[in-house]
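input_6.cif (mmCIF, C-alpha atoms; chains and numbers go by the auth columns)
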```cif
data_coords
#
loop_
_atom_site.group_PDB
_atom_site.id
_atom_site.type_symbol
_atom_site.label_atom_id
_atom_site.label_comp_id
_atom_site.label_asym_id
_atom_site.label_seq_id
_atom_site.Cartn_x
_atom_site.Cartn_y
_atom_site.Cartn_z
_atom_site.B_iso_or_equiv
_atom_site.auth_seq_id
_atom_site.auth_asym_id
ATOM 1 C CA SER A 1 -6.037 -3.683 10.499 0.00 264 Y
ATOM 2 C CA GLY A 2 -3.680 -6.570 9.766 0.00 265 Y
ATOM 3 C CA ASN A 3 -5.914 -8.061 7.105 0.00 266 Y
ATOM 4 C CA GLY A 4 -5.880 -5.242 4.566 0.00 267 Y
ATOM 5 C CA VAL A 5 -6.925 -1.640 4.342 0.00 268 Y
ATOM 6 C CA ASN A 6 -9.372 0.471 2.351 0.00 269 Y
ATOM 7 C CA PHE A 7 -8.933 4.202 1.914 0.00 270 Y
ATOM 8 C CA SER A 8 -10.874 6.999 0.237 0.00 271 Y
ATOM 9 C CA ALA A 9 -10.967 10.770 -0.201 0.00 272 Y
ATOM 10 C CA LEU A 10 -7.348 11.204 0.918 0.00 273 Y
ATOM 11 C CA SER A 11 -5.209 14.204 0.035 0.00 274 Y
ATOM 12 C CA ALA A 12 -2.532 13.779 2.725 0.00 275 Y
ATOM 13 C CA THR A 13 -0.605 10.816 4.131 0.00 276 Y
ATOM 14 C CA PRO A 14 -2.930 8.939 6.568 0.00 277 Y
ATOM 15 C CA ALA A 15 -1.992 7.084 9.746 0.00 278 Y
ATOM 16 C CA THR A 16 0.220 4.000 9.583 0.00 279 Y
ATOM 17 C CA PHE A 17 -1.303 0.516 9.596 0.00 280 Y
ATOM 18 C CA ARG A 18 -0.149 -3.089 10.079 0.00 281 Y
ATOM 19 C CA LEU A 19 -0.301 -5.916 7.560 0.00 282 Y
ATOM 20 C CA LEU A 20 0.047 -9.597 8.436 0.00 283 Y
ATOM 21 C CA GLY A 21 2.114 -10.229 5.305 0.00 284 Y
ATOM 22 C CA GLY A 22 1.475 -12.350 2.234 0.00 285 Y
ATOM 23 C CA TYR A 23 0.042 -11.550 -1.171 0.00 286 Y
ATOM 24 C CA TYR A 24 -1.968 -8.327 -1.469 0.00 287 Y
ATOM 25 C CA GLY A 25 -3.852 -6.712 -4.310 0.00 288 Y
ATOM 26 C CA TRP A 26 -3.092 -2.968 -4.489 0.00 289 Y
ATOM 27 C CA THR A 27 -5.726 -0.879 -6.258 0.00 290 Y
ATOM 28 C CA ILE A 28 -5.247 2.880 -6.546 0.00 291 Y
ATOM 29 C CA ASN A 29 -7.247 5.721 -8.108 0.00 292 Y
ATOM 30 C CA ALA A 30 -6.823 9.470 -7.661 0.00 293 Y
ATOM 31 C CA THR A 31 -6.963 12.909 -9.163 0.00 294 Y
ATOM 32 C CA TRP A 32 -3.267 12.829 -9.958 0.00 295 Y
ATOM 33 C CA GLY A 33 -2.473 16.387 -11.096 0.00 296 Y
ATOM 34 C CA GLY A 34 1.199 15.464 -11.410 0.00 297 Y
ATOM 35 C CA GLY A 35 1.268 13.867 -7.956 0.00 298 Y
ATOM 36 C CA SER A 36 2.061 10.350 -6.805 0.00 299 Y
ATOM 37 C CA VAL A 37 1.201 7.726 -4.200 0.00 300 Y
ATOM 38 C CA THR A 38 3.769 5.350 -2.695 0.00 301 Y
ATOM 39 C CA LEU A 39 3.355 2.389 -0.344 0.00 302 Y
ATOM 40 C CA GLN A 40 6.144 2.329 2.244 0.00 303 Y
ATOM 41 C CA VAL A 41 7.167 -0.193 4.929 0.00 304 Y
ATOM 42 C CA LEU A 42 8.860 0.516 8.274 0.00 305 Y
ATOM 43 C CA MET A 43 12.375 -0.893 8.664 0.00 306 Y
ATOM 44 C CA PRO A 44 13.560 -2.755 11.815 0.00 307 Y
ATOM 45 C CA ASP A 45 15.148 0.436 13.229 0.00 308 Y
ATOM 46 C CA GLY A 46 11.586 1.634 13.931 0.00 309 Y
ATOM 47 C CA THR A 47 12.200 4.976 12.206 0.00 310 Y
ATOM 48 C CA THR A 48 13.098 4.525 8.535 0.00 311 Y
ATOM 49 C CA TYR A 49 10.463 3.867 5.872 0.00 312 Y
ATOM 50 C CA ILE A 50 11.360 2.532 2.422 0.00 313 Y
ATOM 51 C CA SER A 51 9.244 1.943 -0.691 0.00 314 Y
ATOM 52 C CA ALA A 52 7.457 -1.412 -0.699 0.00 315 Y
ATOM 53 C CA ALA A 53 6.104 -0.831 -4.221 0.00 316 Y
ATOM 54 C CA PRO A 54 6.753 1.602 -7.076 0.00 317 Y
ATOM 55 C CA ALA A 55 5.383 5.147 -6.820 0.00 318 Y
ATOM 56 C CA TYR A 56 2.143 5.456 -8.773 0.00 319 Y
ATOM 57 C CA ALA A 57 1.125 8.509 -10.794 0.00 320 Y
ATOM 58 C CA ALA A 58 -1.842 6.937 -12.602 0.00 321 Y
ATOM 59 C CA ASP A 59 -4.713 4.593 -11.757 0.00 322 Y
ATOM 60 C CA ASP A 60 -3.482 1.016 -11.462 0.00 323 Y
ATOM 61 C CA THR A 61 -3.838 -2.376 -9.849 0.00 324 Y
ATOM 62 C CA GLU A 62 -0.998 -4.744 -8.960 0.00 325 Y
ATOM 63 C CA VAL A 63 -0.315 -7.792 -6.821 0.00 326 Y
ATOM 64 C CA PHE A 64 2.586 -7.797 -4.352 0.00 327 Y
ATOM 65 C CA ALA A 65 4.096 -10.210 -1.832 0.00 328 Y
ATOM 66 C CA LEU A 66 4.562 -8.050 1.283 0.00 329 Y
ATOM 67 C CA PRO A 67 6.230 -8.930 4.580 0.00 330 Y
ATOM 68 C CA ALA A 68 4.394 -8.484 7.876 0.00 331 Y
ATOM 69 C CA GLY A 69 4.977 -5.028 9.294 0.00 332 Y
ATOM 70 C CA THR A 70 3.915 -1.409 9.625 0.00 333 Y
ATOM 71 C CA TYR A 71 3.044 0.430 6.421 0.00 334 Y
ATOM 72 C CA LYS A 72 2.001 3.868 5.283 0.00 335 Y
ATOM 73 C CA ILE A 73 0.607 5.356 2.101 0.00 336 Y
ATOM 74 C CA VAL A 74 2.600 8.462 1.157 0.00 337 Y
ATOM 75 C CA ILE A 75 0.672 10.995 -0.920 0.00 338 Y
ATOM 76 C CA ALA A 76 2.531 13.712 -2.824 0.00 339 Y
ATOM 77 C CA THR A 77 0.216 16.321 -4.385 0.00 340 Y
ATOM 78 C CA ALA A 78 -2.472 13.835 -5.565 0.00 341 Y
ATOM 79 C CA THR A 79 -6.014 14.367 -4.226 0.00 342 Y
ATOM 80 C CA ALA A 80 -9.184 12.282 -3.912 0.00 343 Y
ATOM 81 C CA VAL A 81 -6.950 9.230 -3.437 0.00 344 Y
ATOM 82 C CA GLN A 82 -8.881 6.004 -2.999 0.00 345 Y
ATOM 83 C CA GLY A 83 -8.114 2.322 -3.158 0.00 346 Y
ATOM 84 C CA SER A 84 -7.306 -0.765 -1.162 0.00 347 Y
ATOM 85 C CA LEU A 85 -4.713 -3.297 -0.111 0.00 348 Y
ATOM 86 C CA THR A 86 -6.655 -6.549 -0.116 0.00 349 Y
ATOM 87 C CA PRO A 87 -5.196 -9.871 1.055 0.00 350 Y
ATOM 88 C CA ILE A 88 -5.169 -12.612 -1.588 0.00 351 Y
ATOM 89 C CA PRO A 89 -5.524 -16.118 -0.170 0.00 352 Y
ATOM 90 C CA PHE A 90 -2.707 -18.444 -1.175 0.00 353 Y
ATOM 91 C CA SER A 91 -2.460 -22.160 -0.682 0.00 354 Y
ATOM 92 C CA LYS A 92 0.156 -24.532 -1.943 0.00 355 Y
ATOM 93 C CA VAL A 93 -1.212 -27.448 -3.912 0.00 356 Y
ATOM 94 C CA ALA A 94 0.501 -30.714 -2.992 0.00 357 Y
#
```
Using C-alpha coordinates, write down the structure that the file contains.
Amino acid sequence: SGNGVNFSALSATPATFRLLGGYYGWTINATWGGGSVTLQVLMPDGTTYISAAPAYAADDTEVFALPAGTYKIVIATATAVQGSLTPIPFSKVA
(Lines of atoms letter the chains of each structure in order from A and count residues from 1; the text may use other names and numbers.)
(Lines give C-alpha, C1' and ligand atoms only; values in the text may rest on other atoms or scores of the structure.)
Protein backbone atom coordinates (compact mmCIF):
# COMPACT_ATOMS: atom_id res chain seq x y z
CA SER A 1 0.00 0.00 0.00
CA GLY A 2 2.91 2.38 0.57
CA ASN A 3 1.25 4.12 3.49
CA GLY A 4 1.00 1.22 5.93
CA VAL A 5 -0.66 -2.14 6.15
CA ASN A 6 -3.25 -3.87 8.32
CA PHE A 7 -3.47 -7.63 8.60
CA SER A 8 -5.73 -10.11 10.38
CA ALA A 9 -6.47 -13.82 10.72
CA LEU A 10 -3.12 -14.84 9.22
CA SER A 11 -1.49 -18.22 9.80
CA ALA A 12 0.95 -18.16 6.86
CA THR A 13 3.25 -15.53 5.35
CA PRO A 14 1.09 -13.15 3.22
CA ALA A 15 2.04 -11.34 0.02
CA THR A 16 4.79 -8.72 0.05
CA PHE A 17 3.94 -5.02 0.29
CA ARG A 18 5.69 -1.67 -0.20
CA LEU A 19 6.30 1.02 2.40
CA LEU A 20 7.24 4.61 1.60
CA GLY A 21 9.67 4.71 4.52
CA GLY A 22 9.73 6.77 7.70
CA TYR A 23 8.50 6.08 11.21
CA TYR A 24 5.97 3.26 11.62
CA GLY A 25 4.10 1.88 14.59
CA TRP A 26 4.17 -1.94 14.58
CA THR A 27 1.38 -3.61 16.55
CA ILE A 28 1.18 -7.40 16.68
CA ASN A 29 -1.15 -9.90 18.35
CA ALA A 30 -1.47 -13.64 17.75
CA THR A 31 -2.10 -17.07 19.16
CA TRP A 32 1.61 -17.69 19.58
CA GLY A 33 1.84 -21.38 20.52
CA GLY A 34 5.63 -21.16 20.49
CA GLY A 35 5.67 -19.43 17.09
CA SER A 36 6.98 -16.07 15.97
CA VAL A 37 6.37 -13.21 13.54
CA THR A 38 9.18 -11.27 11.85
CA LEU A 39 9.10 -8.17 9.64
CA GLN A 40 11.59 -8.50 6.79
CA VAL A 41 12.80 -6.08 4.09
CA LEU A 42 14.01 -6.92 0.57
CA MET A 43 17.67 -6.15 -0.14
CA PRO A 44 18.87 -4.39 -3.34
CA ASP A 45 19.71 -7.74 -5.00
CA GLY A 46 15.93 -8.24 -5.37
CA THR A 47 16.08 -11.72 -3.81
CA THR A 48 17.39 -11.61 -0.24
CA TYR A 49 15.19 -10.61 2.70
CA ILE A 50 16.64 -9.63 6.07
CA SER A 51 14.98 -8.82 9.40
CA ALA A 52 13.85 -5.20 9.69
CA ALA A 53 12.75 -5.69 13.31
CA PRO A 54 13.21 -8.33 16.02
CA ALA A 55 11.19 -11.56 15.80
CA TYR A 56 8.15 -11.37 18.06
CA ALA A 57 6.78 -14.28 20.09
CA ALA A 58 4.34 -12.29 22.23
CA ASP A 59 1.88 -9.42 21.75
CA ASP A 60 3.72 -6.12 21.44
CA THR A 61 3.84 -2.65 19.97
CA GLU A 62 6.97 -0.79 18.87
CA VAL A 63 8.00 2.18 16.76
CA PHE A 64 10.60 1.78 14.01
CA ALA A 65 12.29 4.00 11.42
CA LEU A 66 12.05 1.94 8.21
CA PRO A 67 13.53 2.66 4.79
CA ALA A 68 11.34 2.71 1.68
CA GLY A 69 11.14 -0.72 0.11
CA THR A 70 9.40 -4.07 -0.21
CA TYR A 71 8.51 -5.87 3.01
CA LYS A 72 6.97 -9.12 4.14
CA ILE A 73 5.63 -10.48 7.41
CA VAL A 74 7.10 -13.93 8.05
CA ILE A 75 4.94 -16.17 10.24
CA ALA A 76 6.44 -19.27 11.86
CA THR A 77 3.85 -21.49 13.58
CA ALA A 78 1.79 -18.61 15.10
CA THR A 79 -1.90 -18.44 14.11
CA ALA A 80 -4.65 -15.80 14.18
CA VAL A 81 -1.95 -13.18 13.57
CA GLN A 82 -3.28 -9.64 13.43
CA GLY A 83 -1.84 -6.17 13.62
CA SER A 84 -0.67 -3.19 11.64
CA LEU A 85 2.23 -1.12 10.40
CA THR A 86 0.93 2.42 10.70
CA PRO A 87 2.86 5.48 9.48
CA ILE A 88 3.64 8.04 12.19
CA PRO A 89 3.81 11.62 10.92
CA PHE A 90 7.09 13.35 11.70
CA SER A 91 7.97 16.98 11.29
CA LYS A 92 11.08 18.78 12.35
CA VAL A 93 10.47 21.79 14.53
CA ALA A 94 12.66 24.74 13.54
* Please provide as a ChimeraX atom specification all residues within 7 Å of Y:Glu325, with the sequence filter that same-chain residues fewer than 3 positions apart are discarded (counting all atoms listed in the file). => /Y:288-290
Filtering to C-alpha atoms, could you give me those residues as an mmCIF file, keeping the file's coordinate frame?
```cif
data_model
loop_
_atom_site.group_PDB
_atom_site.id
_atom_site.type_symbol
_atom_site.label_atom_id
_atom_site.label_comp_id
_atom_site.auth_asym_id
_atom_site.auth_seq_id
_atom_site.Cartn_x
_atom_site.Cartn_y
_atom_site.Cartn_z
ATOM 1 C CA GLY Y 288 -3.852 -6.712 -4.310
ATOM 2 C CA TRP Y 289 -3.092 -2.968 -4.489
ATOM 3 C CA THR Y 290 -5.726 -0.879 -6.258
#
```
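Taken over the whole file, the PyMOL selection byres ((chain Y and resi 320) around 6) covers exactly Ser299, Tyr319 and Ala321 of chain Y.
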Name all residues at most 10 Å from Y:Tyr312 (count all atoms listed in the file; drop same-chain ones fewer than 4 positions away) and give them as a PDB file with C-alpha atoms, in the frame of the given file.
```pdb
ATOM      1  CA  LEU Y 302       3.355   2.389  -0.344  1.00  0.00           C
ATOM      2  CA  GLN Y 303       6.144   2.329   2.244  1.00  0.00           C
ATOM      3  CA  VAL Y 304       7.167  -0.193   4.929  1.00  0.00           C
ATOM      4  CA  LEU Y 305       8.860   0.516   8.274  1.00  0.00           C
ATOM      5  CA  MET Y 306      12.375  -0.893   8.664  1.00  0.00           C
ATOM      6  CA  PRO Y 307      13.560  -2.755  11.815  1.00  0.00           C
ATOM      7  CA  ASP Y 308      15.148   0.436  13.229  1.00  0.00           C
ATOM      8  CA  THR Y 333       3.915  -1.409   9.625  1.00  0.00           C
ATOM      9  CA  TYR Y 334       3.044   0.430   6.421  1.00  0.00           C
ATOM     10  CA  LYS Y 335       2.001   3.868   5.283  1.00  0.00           C
TER      11      LYS Y 335
END
```
* Nearest to Y:Ile351 among Y:Gly296, Y:Ala339, Y:Ser271, Y:Asn266, with distances taken over only C-alpha atoms: which residue is it? -> Y:Asn266
* Asked: Which neighbours of stretch 273-275 of chain Y fall inside 7 Å, counting all atoms listed in the file, when residues of the same chain fewer than 3 positions from it are skipped, and could you give them as a ChimeraX atom specification?
  -> /Y:338,341-345
* To do: Determine the residue membership of the PyMOL selection byres ((chain Y and resi 331) around 10) for the file above and supply it as a ChimeraX atom specification.
  => /Y:265,281-285,304,328-330,332-334
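The closest residue to Y:Phe353, picked from Y:Val268, Y:Tyr287, Y:Val300, Y:Phe280 and counting all atoms listed in the file, is Y:Tyr287.
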* Have a look at atom CA of Y:Thr349 and atom CA of Y:Gly297 and let me know their distance in Å, one decimal. => 26.0 Å
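Once the PyMOL selection byres ((chain Y and resi 323) around 6) is applied to the depicted file, the selected set reads Thr290, Ile291, Asp322 and Thr324 of chain Y.
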Using all atoms of stretch 286-304 of chain Y listed in the file and a margin of 6 Å per side, can you give the axis-aligned box centre and edge lengths in Å to one decimal, as AutoDock Vina command-line options?
```
--center_x 0.0 --center_y 2.4 --center_z -3.2 --size_x 26.4 --size_y 39.9 --size_z 28.3
```
* To do: Return the single residue from Y:Thr294, Y:Thr301, Y:Ser354, Y:Thr311 that is closest to Y:Ile336, with distances computed using only C-alpha atoms.
  => Y:Thr301
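Taking all atoms listed in the file into account, Y:Ala316 lies nearest to Y:Val337 out of the set Y:Ala272, Y:Val356, Y:Ala293, Y:Val337.
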* d(atom CA of Y:Ile313, atom CA of Y:Lys355) in Å -> 29.6 Å
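The gap separating atom CA of Y:Gly267 from atom CA of Y:Leu348 is 5.2 Å, in Å to one decimal.
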Write stretch 302-314 of chain Y as an mmCIF file, in the coordinates of the input, completed to N, CA and C atoms.
```cif
data_model
loop_
_atom_site.group_PDB
_atom_site.id
_atom_site.type_symbol
_atom_site.label_atom_id
_atom_site.label_comp_id
_atom_site.auth_asym_id
_atom_site.auth_seq_id
_atom_site.Cartn_x
_atom_site.Cartn_y
_atom_site.Cartn_z
ATOM 1 N N LEU Y 302 3.516 3.252 -1.510
ATOM 2 C CA LEU Y 302 3.355 2.389 -0.344
ATOM 3 C C LEU Y 302 4.727 2.180 0.275
ATOM 4 N N GLN Y 303 4.859 2.479 1.563
ATOM 5 C CA GLN Y 303 6.144 2.329 2.244
ATOM 6 C C GLN Y 303 6.009 1.408 3.451
ATOM 7 N N VAL Y 304 7.115 0.722 3.790
ATOM 8 C CA VAL Y 304 7.167 -0.193 4.929
ATOM 9 C C VAL Y 304 8.225 0.284 5.918
ATOM 10 N N LEU Y 305 7.948 0.110 7.205
ATOM 11 C CA LEU Y 305 8.860 0.516 8.274
ATOM 12 C C LEU Y 305 9.973 -0.512 8.432
ATOM 13 N N MET Y 306 11.209 -0.034 8.485
ATOM 14 C CA MET Y 306 12.375 -0.893 8.664
ATOM 15 C C MET Y 306 12.539 -1.276 10.141
ATOM 16 N N PRO Y 307 13.377 -2.288 10.426
ATOM 17 C CA PRO Y 307 13.560 -2.755 11.815
ATOM 18 C C PRO Y 307 14.062 -1.688 12.788
ATOM 19 N N ASP Y 308 14.678 -0.605 12.301
ATOM 20 C CA ASP Y 308 15.148 0.436 13.229
ATOM 21 C C ASP Y 308 13.998 1.209 13.863
ATOM 22 N N GLY Y 309 12.753 0.979 13.364
ATOM 23 C CA GLY Y 309 11.586 1.634 13.931
ATOM 24 C C GLY Y 309 11.413 3.081 13.533
ATOM 25 N N THR Y 310 12.246 3.580 12.614
ATOM 26 C CA THR Y 310 12.200 4.976 12.206
ATOM 27 C C THR Y 310 12.137 5.146 10.689
ATOM 28 N N THR Y 311 12.926 4.363 9.981
ATOM 29 C CA THR Y 311 13.098 4.525 8.535
ATOM 30 C C THR Y 311 12.034 3.782 7.743
ATOM 31 N N TYR Y 312 11.394 4.483 6.811
ATOM 32 C CA TYR Y 312 10.463 3.867 5.872
ATOM 33 C C TYR Y 312 11.117 3.789 4.501
ATOM 34 N N ILE Y 313 10.887 2.678 3.797
ATOM 35 C CA ILE Y 313 11.360 2.532 2.422
ATOM 36 C C ILE Y 313 10.179 2.113 1.548
ATOM 37 N N SER Y 314 10.309 2.315 0.243
ATOM 38 C CA SER Y 314 9.244 1.943 -0.691
ATOM 39 C C SER Y 314 9.063 0.439 -0.726
#
```
